[in-house]
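File shown: input10.txt (compact mmCIF, C-alpha atoms).
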```txt
# COMPACT_ATOMS: atom_id res chain seq x y z
CA MET A 1 24.52 20.58 -16.02
CA PRO A 2 23.06 17.99 -18.39
CA GLU A 3 24.28 14.46 -17.86
CA LYS A 4 27.20 13.49 -20.10
CA LYS A 5 26.06 11.32 -22.99
CA ARG A 6 27.20 7.73 -22.62
CA LYS A 7 28.86 6.00 -25.55
CA ARG A 8 26.34 3.78 -27.31
CA TYR A 9 27.23 0.51 -29.02
CA PRO A 10 25.25 -1.43 -31.62
CA ARG A 11 24.00 -4.65 -30.03
CA LYS A 12 26.52 -6.81 -31.91
CA GLU A 13 29.33 -4.61 -30.61
CA GLN A 14 28.28 -4.52 -26.99
CA PRO A 15 31.52 -4.52 -24.97
CA HIS A 16 29.98 -6.67 -22.22
CA ASP A 17 30.08 -9.74 -24.45
CA ALA A 18 33.85 -9.56 -24.98
CA VAL A 19 34.75 -9.29 -21.29
CA PHE A 20 32.33 -12.10 -20.38
CA LYS A 21 33.74 -14.30 -23.13
CA VAL A 22 37.33 -13.84 -21.95
CA PHE A 23 36.53 -14.60 -18.30
CA PHE A 24 34.15 -17.52 -18.85
CA GLY A 25 36.41 -18.90 -21.57
CA ASP A 26 38.80 -19.62 -18.69
CA ALA A 27 38.08 -23.10 -17.26
CA LYS A 28 39.13 -22.17 -13.71
CA ILE A 29 36.67 -19.27 -13.63
CA ALA A 30 33.85 -21.34 -15.14
CA LYS A 31 34.40 -24.07 -12.55
CA SER A 32 34.53 -21.49 -9.76
CA TYR A 33 31.15 -20.19 -10.90
CA LEU A 34 29.63 -23.67 -10.56
CA LEU A 35 31.02 -24.04 -7.04
CA ASN A 36 29.82 -20.63 -5.88
CA TYR A 37 26.68 -19.71 -7.81
CA ILE A 38 24.62 -22.79 -8.69
CA PRO A 39 22.51 -24.79 -6.19
CA ASP A 40 24.42 -27.32 -4.07
CA GLU A 41 22.15 -30.15 -5.16
CA LEU A 42 23.48 -29.70 -8.70
CA HIS A 43 27.23 -29.27 -8.34
CA LYS A 44 27.54 -31.87 -5.55
CA LYS A 45 26.41 -34.56 -8.00
CA ILE A 46 28.97 -33.56 -10.63
CA ASP A 47 32.58 -34.70 -10.84
CA LEU A 48 34.31 -31.34 -11.28
CA ALA A 49 37.67 -33.09 -11.20
CA VAL A 50 36.76 -33.89 -14.80
CA PHE A 51 36.06 -30.47 -16.28
CA GLU A 52 37.28 -29.35 -19.67
CA LYS A 53 36.29 -27.06 -22.47
CA SER A 54 34.39 -28.70 -25.32
CA ASP A 55 36.58 -29.14 -28.39
CA THR A 56 33.65 -28.60 -30.75
CA ALA A 57 32.86 -25.17 -32.16
CA TYR A 58 29.15 -24.34 -32.29
CA VAL A 59 28.67 -21.16 -34.27
CA ASN A 60 26.12 -18.84 -35.86
CA GLY A 61 23.04 -19.88 -33.96
CA ARG A 62 19.84 -18.33 -35.30
CA PHE A 63 19.27 -16.47 -32.02
CA GLY A 64 22.85 -15.64 -30.98
CA LEU A 65 26.57 -15.62 -31.73
CA SER A 66 29.25 -18.27 -31.37
CA PHE A 67 29.31 -20.02 -28.01
CA SER A 68 32.11 -22.49 -28.72
CA ASP A 69 34.23 -21.45 -25.74
CA MET A 70 31.31 -21.36 -23.33
CA VAL A 71 30.61 -25.11 -23.28
CA TYR A 72 32.34 -27.39 -20.77
CA ASN A 73 32.33 -31.20 -20.47
CA THR A 74 32.09 -33.04 -17.15
CA LYS A 75 30.41 -36.18 -15.74
CA LEU A 76 28.37 -37.42 -12.79
CA ILE A 77 29.82 -38.55 -9.46
CA GLY A 78 29.21 -42.31 -9.19
CA GLY A 79 26.57 -44.04 -11.25
CA GLY A 80 26.79 -44.36 -15.00
CA PHE A 81 28.72 -42.11 -17.33
CA ALA A 82 26.94 -38.99 -18.50
CA ARG A 83 28.38 -36.33 -20.77
CA ILE A 84 27.11 -33.23 -19.04
CA LEU A 85 27.62 -29.96 -20.88
CA PHE A 86 27.47 -26.65 -19.06
CA LEU A 87 26.38 -24.00 -21.52
CA PHE A 88 27.12 -20.43 -20.43
CA GLU A 89 25.15 -17.57 -21.95
CA HIS A 90 25.40 -13.86 -21.10
CA LYS A 91 22.72 -11.17 -21.22
CA SER A 92 23.09 -7.45 -20.59
CA TYR A 93 19.48 -6.77 -21.51
CA LEU A 94 16.12 -8.50 -21.10
CA PRO A 95 15.43 -10.63 -24.21
CA THR A 96 12.63 -9.46 -26.46
CA GLN A 97 11.90 -13.08 -27.41
CA PRO A 98 11.63 -16.08 -25.05
CA VAL A 99 15.17 -17.13 -24.16
CA PHE A 100 14.00 -20.75 -24.45
CA LEU A 101 14.15 -20.35 -28.25
CA GLN A 102 17.84 -19.46 -28.19
CA LEU A 103 18.59 -22.27 -25.75
CA LEU A 104 16.70 -24.79 -27.89
CA ASP A 105 18.76 -23.70 -30.89
CA TYR A 106 21.92 -24.38 -28.88
CA PHE A 107 20.59 -27.77 -27.76
CA LEU A 108 19.87 -28.81 -31.33
CA GLN A 109 23.36 -27.89 -32.51
CA ILE A 110 24.94 -29.91 -29.70
CA TRP A 111 22.67 -32.92 -30.20
CA GLU A 112 23.20 -32.85 -33.97
CA ASP A 113 26.95 -32.98 -33.30
CA ASP A 114 26.40 -35.92 -30.90
CA ILE A 115 24.52 -37.86 -33.58
CA LYS A 116 27.09 -37.02 -36.24
CA ASN A 117 29.87 -38.41 -34.01
CA GLY A 118 27.97 -41.49 -32.83
CA ARG A 119 27.68 -40.32 -29.19
CA PRO A 120 24.70 -40.62 -26.86
CA LEU A 121 22.81 -37.35 -26.54
CA SER A 122 24.54 -34.99 -24.11
CA PHE A 123 22.76 -33.81 -20.98
CA ILE A 124 22.91 -30.00 -21.02
CA ILE A 125 22.56 -27.54 -18.13
CA PRO A 126 22.08 -24.04 -19.58
CA ILE A 127 23.30 -21.12 -17.48
CA ILE A 128 22.48 -17.44 -18.00
CA VAL A 129 24.37 -14.62 -16.30
CA TYR A 130 22.35 -11.42 -16.50
CA HIS A 131 23.15 -7.84 -15.49
CA GLY A 132 20.55 -5.68 -17.23
CA LYS A 133 18.83 -2.64 -15.78
CA ARG A 134 15.69 -4.45 -14.62
CA ARG A 135 15.28 -7.66 -12.69
CA TRP A 136 14.72 -10.77 -14.74
CA GLU A 137 11.34 -12.25 -13.86
CA LYS A 138 11.84 -15.90 -14.72
CA LYS A 139 8.80 -17.84 -15.95
CA PRO A 140 8.25 -21.26 -17.51
CA PHE A 141 8.03 -21.68 -21.27
CA SER A 142 4.37 -22.69 -21.01
CA GLU A 143 3.44 -19.14 -19.95
CA TYR A 144 4.33 -17.91 -23.44
CA PHE A 145 1.24 -19.79 -24.68
CA PRO A 146 -1.56 -17.95 -22.85
CA GLY A 147 -5.05 -19.41 -22.91
CA LEU A 148 -3.86 -22.85 -24.00
CA PRO A 149 -6.07 -25.60 -22.53
CA GLU A 150 -4.29 -27.69 -19.93
CA VAL A 151 -4.73 -30.82 -22.03
CA PHE A 152 -2.27 -29.33 -24.57
CA GLN A 153 0.39 -28.28 -22.07
CA ARG A 154 2.19 -31.62 -22.39
CA PHE A 155 3.16 -30.78 -25.98
CA ILE A 156 5.23 -27.76 -24.93
CA PRO A 157 9.00 -28.36 -24.38
CA ASN A 158 9.50 -28.32 -20.63
CA PHE A 159 13.02 -27.48 -19.42
CA ASP A 160 14.72 -25.08 -17.05
CA PHE A 161 17.89 -22.99 -16.92
CA VAL A 162 20.09 -21.64 -14.13
CA LEU A 163 19.79 -17.86 -13.87
CA THR A 164 22.28 -15.62 -12.08
CA ASP A 165 20.67 -12.17 -11.97
CA LEU A 166 23.30 -9.80 -10.61
CA ASN A 167 20.53 -7.29 -9.80
CA ARG A 168 19.38 -9.68 -7.06
CA ILE A 169 22.81 -10.29 -5.52
CA PRO A 170 23.97 -7.63 -3.00
CA PRO A 171 27.49 -6.29 -3.66
CA GLN A 172 28.70 -7.55 -0.27
CA VAL A 173 27.69 -11.12 -1.15
CA ILE A 174 29.86 -10.91 -4.28
CA LYS A 175 32.73 -9.37 -2.30
CA ASP A 176 32.58 -12.06 0.37
CA LYS A 177 33.19 -14.79 -2.24
CA VAL A 178 36.93 -14.16 -2.32
CA GLU A 179 38.14 -17.53 -3.65
CA THR A 180 36.45 -17.30 -7.02
CA GLU A 181 39.33 -17.08 -9.53
CA TYR A 182 38.59 -13.42 -10.40
CA LEU A 183 34.85 -13.99 -10.80
CA ARG A 184 34.45 -11.54 -7.93
CA ASN A 185 36.19 -8.84 -10.00
CA LEU A 186 34.06 -9.52 -13.08
CA PHE A 187 30.71 -9.66 -11.26
CA LEU A 188 31.34 -6.41 -9.38
CA THR A 189 32.22 -4.75 -12.67
CA LEU A 190 29.14 -6.06 -14.48
CA LYS A 191 26.88 -5.17 -11.55
CA PHE A 192 28.11 -1.56 -11.53
CA CYS A 193 28.63 -1.18 -15.29
CA ARG A 194 25.94 1.48 -15.62
CA ASP A 195 27.12 3.68 -12.76
CA GLU A 196 30.56 5.27 -13.05
CA ASN A 197 30.45 6.52 -9.46
CA LEU A 198 29.98 2.97 -8.13
CA ILE A 199 32.86 1.80 -10.32
CA LYS A 200 35.07 4.51 -8.81
CA GLU A 201 33.98 3.71 -5.24
CA ASN A 202 34.79 0.04 -5.76
CA TRP A 203 37.81 0.48 -8.04
CA LYS A 204 40.32 -1.04 -5.65
CA GLU A 205 38.27 -4.22 -5.18
CA ILE A 206 37.45 -4.47 -8.88
CA VAL A 207 41.02 -4.38 -10.21
CA THR A 208 42.86 -5.91 -7.25
CA PHE A 209 43.59 -9.47 -8.28
CA GLY A 210 44.84 -10.71 -4.95
CA SER A 211 48.10 -10.74 -3.01
CA PRO A 212 50.59 -11.58 -4.25
CA PHE A 213 49.65 -10.53 -7.78
CA HIS A 214 51.12 -13.05 -10.23
CA LYS A 215 51.93 -11.33 -13.49
CA ASP A 216 51.67 -14.38 -15.73
CA ASP A 217 49.97 -14.32 -19.12
CA ARG A 218 46.63 -15.44 -17.72
CA GLU A 219 46.40 -12.66 -15.13
CA LYS A 220 47.66 -10.08 -17.62
CA ILE A 221 44.96 -10.92 -20.16
CA LEU A 222 42.20 -10.96 -17.53
CA LEU A 223 43.26 -7.73 -15.85
CA GLN A 224 43.86 -5.95 -19.13
CA THR A 225 40.49 -7.12 -20.47
CA LEU A 226 38.74 -5.76 -17.38
CA THR A 227 40.49 -2.38 -17.37
CA VAL A 228 40.09 -1.84 -21.13
CA TYR A 229 36.39 -2.70 -20.81
CA ILE A 230 35.83 -0.17 -18.01
CA VAL A 231 37.87 2.62 -19.61
CA ASN A 232 36.04 2.28 -22.94
CA LEU A 233 32.64 1.83 -21.28
CA PHE A 234 32.86 5.15 -19.43
CA ASP A 235 35.12 6.93 -21.93
CA MET A 236 37.64 7.64 -19.14
CA THR A 237 40.44 10.13 -19.65
CA HIS A 238 44.02 9.10 -18.99
CA ALA A 239 44.19 11.54 -16.06
CA LYS A 240 41.06 10.10 -14.43
CA PHE A 241 42.37 6.57 -14.89
CA LYS A 242 45.74 7.43 -13.31
CA GLU A 243 44.00 9.14 -10.38
CA LEU A 244 41.90 6.04 -9.65
CA ASN A 245 44.99 3.85 -9.69
CA LYS A 246 46.69 5.77 -6.87
CA ALA A 247 44.67 3.78 -4.33
CA LEU A 248 45.77 0.40 -5.70
CA PRO A 249 48.37 -1.95 -4.24
CA GLU A 250 51.78 -1.32 -5.79
CA ALA A 251 51.88 -4.52 -7.89
CA GLU A 252 48.56 -3.82 -9.63
CA ARG A 253 49.21 -0.09 -9.91
CA ASP A 254 52.61 -0.46 -11.54
CA TRP A 255 51.39 -2.94 -14.10
CA ILE A 256 48.10 -1.19 -14.90
CA ASP A 257 49.93 2.10 -15.37
CA ALA A 258 52.08 0.34 -17.97
CA ILE A 259 49.17 -1.04 -20.00
CA PRO A 260 49.75 -0.07 -23.64
CA GLU A 261 47.50 2.28 -25.58
CA VAL A 262 44.90 -0.37 -26.34
CA LEU A 263 43.09 1.55 -23.61
CA GLY A 264 42.01 3.99 -26.26
CA GLU A 265 43.29 5.70 -29.36
CA LYS A 266 41.88 8.89 -27.89
CA TRP A 267 44.70 8.96 -25.31
CA LYS A 268 47.30 8.58 -28.04
CA LYS A 269 45.74 11.25 -30.25
CA LYS A 270 45.37 13.65 -27.33
CA GLY A 271 49.00 13.13 -26.36
CA LEU A 272 50.15 13.81 -29.91
CA ARG A 273 48.10 17.01 -30.08
CA GLU A 274 49.52 18.21 -26.78
CA GLY A 275 53.02 17.27 -27.87
CA ARG A 276 52.73 19.23 -31.10
CA ALA A 277 51.37 22.26 -29.27
CA GLU A 278 54.20 22.13 -26.76
CA GLY A 279 56.70 21.69 -29.58
CA ARG A 280 55.44 24.75 -31.40
CA ALA A 281 55.75 26.75 -28.20
CA GLU A 282 59.14 25.50 -27.08
CA GLY A 283 61.16 24.88 -30.23
CA ARG A 284 63.97 22.49 -29.34
CA ALA A 285 61.75 20.72 -26.79
CA GLU A 286 59.84 19.37 -29.78
CA GLY A 287 62.74 17.21 -30.85
CA ARG A 288 63.13 15.73 -27.39
CA ALA A 289 59.38 15.15 -27.14
CA GLU A 290 59.31 13.47 -30.55
CA GLY A 291 62.21 11.24 -29.58
CA ARG A 292 60.47 10.19 -26.40
CA ALA A 293 57.23 9.70 -28.33
CA GLU A 294 58.92 7.51 -30.91
CA GLY A 295 60.47 5.36 -28.19
CA LEU A 296 57.14 5.06 -26.38
CA GLU A 297 55.36 4.25 -29.63
CA ALA A 298 57.82 1.47 -30.41
CA GLY A 299 57.29 0.05 -26.92
CA ARG A 300 53.53 0.25 -27.29
CA MET A 301 53.62 -1.52 -30.65
CA GLU A 302 55.69 -4.33 -29.19
CA GLU A 303 53.26 -4.64 -26.26
CA LYS A 304 50.34 -4.72 -28.71
CA ARG A 305 52.09 -7.30 -30.87
CA MET A 306 52.69 -9.58 -27.87
CA LEU A 307 49.13 -9.13 -26.58
CA THR A 308 47.72 -9.97 -30.03
CA ILE A 309 49.85 -13.11 -30.33
CA LYS A 310 48.85 -14.27 -26.83
CA THR A 311 45.17 -13.59 -27.58
CA ILE A 312 45.34 -15.57 -30.84
CA GLN A 313 46.95 -18.47 -28.99
CA LYS A 314 44.51 -18.39 -26.05
CA PHE A 315 41.40 -17.95 -28.20
CA PRO A 316 42.22 -19.65 -31.54
CA GLU A 317 38.53 -19.88 -32.46
CA TRP A 318 38.08 -16.06 -32.39
CA THR A 319 37.91 -14.41 -35.80
CA ASP A 320 40.56 -11.89 -36.87
CA ALA A 321 37.93 -9.15 -36.58
CA GLU A 322 37.05 -10.13 -32.97
CA ILE A 323 40.72 -10.11 -31.96
CA ALA A 324 41.37 -6.80 -33.73
CA ASP A 325 38.45 -5.21 -31.88
CA PHE A 326 39.55 -6.68 -28.54
CA VAL A 327 43.23 -5.59 -28.66
CA GLY A 328 42.61 -2.31 -30.47
CA ALA A 329 44.61 -3.22 -33.58
CA SER A 330 43.88 -3.15 -37.30
CA LEU A 331 42.46 -6.24 -39.03
CA GLU A 332 45.54 -6.40 -41.28
CA PHE A 333 47.84 -6.35 -38.23
CA VAL A 334 46.04 -9.38 -36.72
CA GLN A 335 45.95 -11.25 -40.04
CA GLN A 336 49.71 -10.84 -40.50
CA LEU A 337 50.48 -12.07 -36.99
CA ARG A 338 48.14 -15.08 -37.30
CA ALA A 339 49.72 -15.98 -40.66
CA GLY A 340 53.17 -15.82 -39.03
CA ILE A 341 52.09 -18.08 -36.15
CA ILE A 342 50.68 -20.69 -38.58
CA GLU A 343 53.80 -20.53 -40.76
CA ASN A 344 56.12 -21.13 -37.80
CA ARG A 345 54.27 -24.22 -36.52
```
Encoded form using C-alpha cells:
Amino acid sequence: MPEKKRKRYPRKEQPHDAVFKVFFGDAKIAKSYLLNYIPDELHKKIDLAVFEKSDTAYVNGRFGLSFSDMVYNTKLIGGGFARILFLFEHKSYLPTQPVFLQLLDYFLQIWEDDIKNGRPLSFIIPIIVYHGKRRWEKKPFSEYFPGLPEVFQRFIPNFDFVLTDLNRIPPQVIKDKVETEYLRNLFLTLKFCRDENLIKENWKEIVTFGSPFHKDDREKILLQTLTVYIVNLFDMTHAKFKELNKALPEAERDWIDAIPEVLGEKWKKKGLREGRAEGRAEGRAEGRAEGRAEGLEAGRMEEKRMLTIKTIQKFPEWTDAEIADFVGASLEFVQQLRAGIIENR
C-alpha cells in the first residue's frame, strides 16, 4: 500500500508557527523554558522575578513575520540595570539563508525603537527552537565568508544565539521535565510532528495537562490549540480521534471530546452527509436527526464565538485573518466580534 499523502502547507501557512506562537506567547511557559532549557550560567544571572512581555510590536521583518509576542523584558541580578530582551524564534526547517541575517533584522528593529524612545540599547539574547527533519549544525557567522583572510574577520558581526534542537533531545529527557508549564506537551508534539505513530504512542502524555486538570481559559486555549494542531496536521478522522482519547484521564477526555468543530470542517461535512443518507433511508428519523443537528450546531457556534472572543482578548496584536485561521471561523465572523468588543469598551 502506498503511503498516505500528507497534507502540505505553503510556508506562510505552516501550522507549527501558530501552535508555537500560542505557547510561547504565554509568559509562564516562556519563563519555564529559560529555567529548563538554557545554560545555568545564563539564567542564574537574570532576575526572572521581573519577567514580562514587551509592550512594543515589532512586525514585518524582512526575513520573517511578526514577533511582537515573542519578546520578553527582564533584568540582571545585582549590578546595574540592564534591559535584557529574550527573543524567541521558531524553525520547523533548516534556513536556506544564514539565520544571523534574520536575527540582525530583529536586533535593528528593537534598537531603533530604543533610540526612538530615548532608552539605552537593549541587550538581546536570541533563542531558536528547532524541530526540522535534520539536525541543525550550528556554525559561527564568520564561516559564511569562506576564504576571507584572518585580518578581515574582525569586521564581521560576531554574536551567538541559544539553539534548542529537539532532534538532539531524547524523548525521555523532555518527559522527565514535568514542571514546565505545558512545555513538555508542546515539545513532545513538535518532536513527533512528522510521525503519526509516535504521536499515537505518546498521546496520553502529549494531551494530559496534569492532575488535577484546571479548566480555566488559559488551559482551554493551550489544550485546544495543541489538539487542533495535531488533528489538522495528520488529517485525523473523528473516529480515530475519539479512539485515542479513550486512554486519557477522565477530566481531559471529557473536555477534549467536547471540543467544538474547529477541529475540522471535514468532520462537520461528513456528519451532514451521513445524516442526510440516514434520513433518506429512515424517513421520520430525518426530522429527529435534523433537530439534534440544529441543537448541536447552535452549541458549536456559541463555543466558536466564545473561543474567538477569548483569542482576540488574549492575543490583541493578531490580525483578524490570523485569528480566523486559528479558530476555524470566517474573516467576517472575527471582524464582527472584534468590532463588538471595541464598541463595548
message: Using all atoms listed in the file, which protein or nucleic acid residues come within 10 Å of A:Ser92? Drop anything in the same chain fewer than 3 positions from it, and give the result as number ranges by chain.
response: A: 11, 14-17, 95, 129-134, 190, 193
Once you have the residues from the selection above, write them out as a PDB file, keeping the file's coordinate frame, restricted to C-alpha atoms.
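Ended up saving to result00.pdb:
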```
ATOM      1  CA  ARG A  11      24.000  -4.650 -30.030  1.00  0.00           C
ATOM      2  CA  GLN A  14      28.280  -4.520 -26.990  1.00  0.00           C
ATOM      3  CA  PRO A  15      31.520  -4.520 -24.970  1.00  0.00           C
ATOM      4  CA  HIS A  16      29.980  -6.670 -22.220  1.00  0.00           C
ATOM      5  CA  ASP A  17      30.080  -9.740 -24.450  1.00  0.00           C
ATOM      6  CA  PRO A  95      15.430 -10.630 -24.210  1.00  0.00           C
ATOM      7  CA  VAL A 129      24.370 -14.620 -16.300  1.00  0.00           C
ATOM      8  CA  TYR A 130      22.350 -11.420 -16.500  1.00  0.00           C
ATOM      9  CA  HIS A 131      23.150  -7.840 -15.490  1.00  0.00           C
ATOM     10  CA  GLY A 132      20.550  -5.680 -17.230  1.00  0.00           C
ATOM     11  CA  LYS A 133      18.830  -2.640 -15.780  1.00  0.00           C
ATOM     12  CA  ARG A 134      15.690  -4.450 -14.620  1.00  0.00           C
ATOM     13  CA  LEU A 190      29.140  -6.060 -14.480  1.00  0.00           C
ATOM     14  CA  CYS A 193      28.630  -1.180 -15.290  1.00  0.00           C
TER      15      CYS A 193
END
```
message: Taking 4 positions as the minimum chain separation for residues in the same chain, which residues sit within 8 Å of A:Ala329 when counting all atoms listed in the file? Answer as a list in words.
response: Val262, Lys304, Ala324, Asp325, Phe333 and Val334 of chain A
- request: Have a look at atom CA of A:Lys191 and atom CA of A:Val228 and let me know their distance in Å, one decimal.
  value: 16.7 Å
Among the residues A:Ile128, A:Phe209, A:Arg135, A:Lys310, the one that comes closest to A:Glu179 [using all atoms listed in the file]: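 Selected residue with least distance to A:Glu179: A:Phe209.
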field: Closest of A:Ile124, A:Leu34, A:Leu222, A:Leu94 to A:Thr311 - atom-to-atom distances counting all atoms listed in the file
entry: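 For A:Thr311, the nearest of the given residues is A:Leu222.
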Contacts of A:Leu188 within 8 Å, only C-alpha atoms, excl. fewer than 2 positions in-chain, as a list in words: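 Residues meeting the cut-off are Pro171, Ile174, Lys175, Arg184, Asn185, Leu186, Leu190, Lys191, Phe192 and Ile206 of chain A.
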Output file for the selection above: C-alpha atoms, as a PDB file, in the coordinates of the input:
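Listed below is the output, result_39.pdb:
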```pdb
ATOM      1  CA  PRO A 171      27.490  -6.290  -3.660  1.00  0.00           C
ATOM      2  CA  ILE A 174      29.860 -10.910  -4.280  1.00  0.00           C
ATOM      3  CA  LYS A 175      32.730  -9.370  -2.300  1.00  0.00           C
ATOM      4  CA  ARG A 184      34.450 -11.540  -7.930  1.00  0.00           C
ATOM      5  CA  ASN A 185      36.190  -8.840 -10.000  1.00  0.00           C
ATOM      6  CA  LEU A 186      34.060  -9.520 -13.080  1.00  0.00           C
ATOM      7  CA  LEU A 190      29.140  -6.060 -14.480  1.00  0.00           C
ATOM      8  CA  LYS A 191      26.880  -5.170 -11.550  1.00  0.00           C
ATOM      9  CA  PHE A 192      28.110  -1.560 -11.530  1.00  0.00           C
ATOM     10  CA  ILE A 206      37.450  -4.470  -8.880  1.00  0.00           C
TER      11      ILE A 206
END
```
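Distance check against A:Lys177 using only C-alpha atoms: of A:Asn197, A:Val151, A:Asn36, A:Met70, the minimum falls on A:Asn36.
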- prompt: Out of A:Asp195, A:Leu48, A:Leu85, A:Thr208, which residue has the shortest atom-to-atom distance to A:Glu250 when counting all atoms listed in the file?
  reply: A:Thr208
field: Å distance separating atom CA of A:Leu121 from atom CA of A:Leu42, one decimal place
entry: 19.4 Å
message: as a PyMOL selection string, please: the residues near A:Phe145 (cut-off 12 Å, only C-alpha atoms, same-chain neighbours under 6 positions excluded).
response: chain A and resi 98+139+152-153+155-157
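Computed from the coordinates, the atom CA of A:Ile115 to atom CA of A:Thr74 distance equals 18.7 Å.
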query: Leaving out A:Lys75 and any residue of its chain fewer than 3 positions from it, which residues lie within 12 Å of it when counting all atoms listed in the file, given as a count of residues only?
result: 25
message: Show me the residues around (40.1, -4.3, -19.3) - criterion: an atom at most 12 Å away, only C-alpha atoms counted - as a PyMOL selection string.
response: chain A and resi 15-16+18-20+22-23+185-186+189+206-207+219-234+241+256+259-264+326-328
Starting from the structure just given, write a file holding stretch 227-258 of chain A with C-alpha atoms, as a PDB file, in the first residue's frame.
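And here's selection-v4.pdb as it stands now:
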```pdb
ATOM      1  CA  THR A 227      -5.291  19.127  19.761  1.00  0.00           C
ATOM      2  CA  VAL A 228      -6.438  21.194  16.757  1.00  0.00           C
ATOM      3  CA  TYR A 229      -2.827  21.357  15.557  1.00  0.00           C
ATOM      4  CA  ILE A 230      -2.378  17.572  15.752  1.00  0.00           C
ATOM      5  CA  VAL A 231      -5.741  16.704  14.202  1.00  0.00           C
ATOM      6  CA  ASN A 232      -5.171  19.033  11.244  1.00  0.00           C
ATOM      7  CA  LEU A 233      -1.524  18.025  10.863  1.00  0.00           C
ATOM      8  CA  PHE A 234      -2.363  14.341  10.398  1.00  0.00           C
ATOM      9  CA  ASP A 235      -5.839  14.840   8.913  1.00  0.00           C
ATOM     10  CA  MET A 236      -7.322  12.638  11.666  1.00  0.00           C
ATOM     11  CA  THR A 237     -10.854  11.333  11.391  1.00  0.00           C
ATOM     12  CA  HIS A 238     -13.302  11.917  14.216  1.00  0.00           C
ATOM     13  CA  ALA A 239     -13.401   8.160  14.922  1.00  0.00           C
ATOM     14  CA  LYS A 240      -9.604   7.924  15.203  1.00  0.00           C
ATOM     15  CA  PHE A 241      -9.521  10.951  17.479  1.00  0.00           C
ATOM     16  CA  LYS A 242     -12.204   9.506  19.780  1.00  0.00           C
ATOM     17  CA  GLU A 243     -10.378   6.161  19.918  1.00  0.00           C
ATOM     18  CA  LEU A 244      -7.130   7.827  21.021  1.00  0.00           C
ATOM     19  CA  ASN A 245      -8.949   9.710  23.762  1.00  0.00           C
ATOM     20  CA  LYS A 246     -10.195   6.527  25.458  1.00  0.00           C
ATOM     21  CA  ALA A 247      -6.825   6.171  27.207  1.00  0.00           C
ATOM     22  CA  LEU A 248      -6.935   9.679  28.697  1.00  0.00           C
ATOM     23  CA  PRO A 249      -7.757  10.643  32.279  1.00  0.00           C
ATOM     24  CA  GLU A 250     -11.450  11.452  32.637  1.00  0.00           C
ATOM     25  CA  ALA A 251     -11.017  15.231  33.037  1.00  0.00           C
ATOM     26  CA  GLU A 252      -9.033  15.633  29.809  1.00  0.00           C
ATOM     27  CA  ARG A 253     -11.126  13.085  27.918  1.00  0.00           C
ATOM     28  CA  ASP A 254     -14.450  14.691  28.769  1.00  0.00           C
ATOM     29  CA  TRP A 255     -13.316  18.154  27.793  1.00  0.00           C
ATOM     30  CA  ILE A 256     -11.437  17.141  24.632  1.00  0.00           C
ATOM     31  CA  ASP A 257     -14.441  15.139  23.453  1.00  0.00           C
ATOM     32  CA  ALA A 258     -16.493  18.328  23.774  1.00  0.00           C
TER      33      ALA A 258
END
```
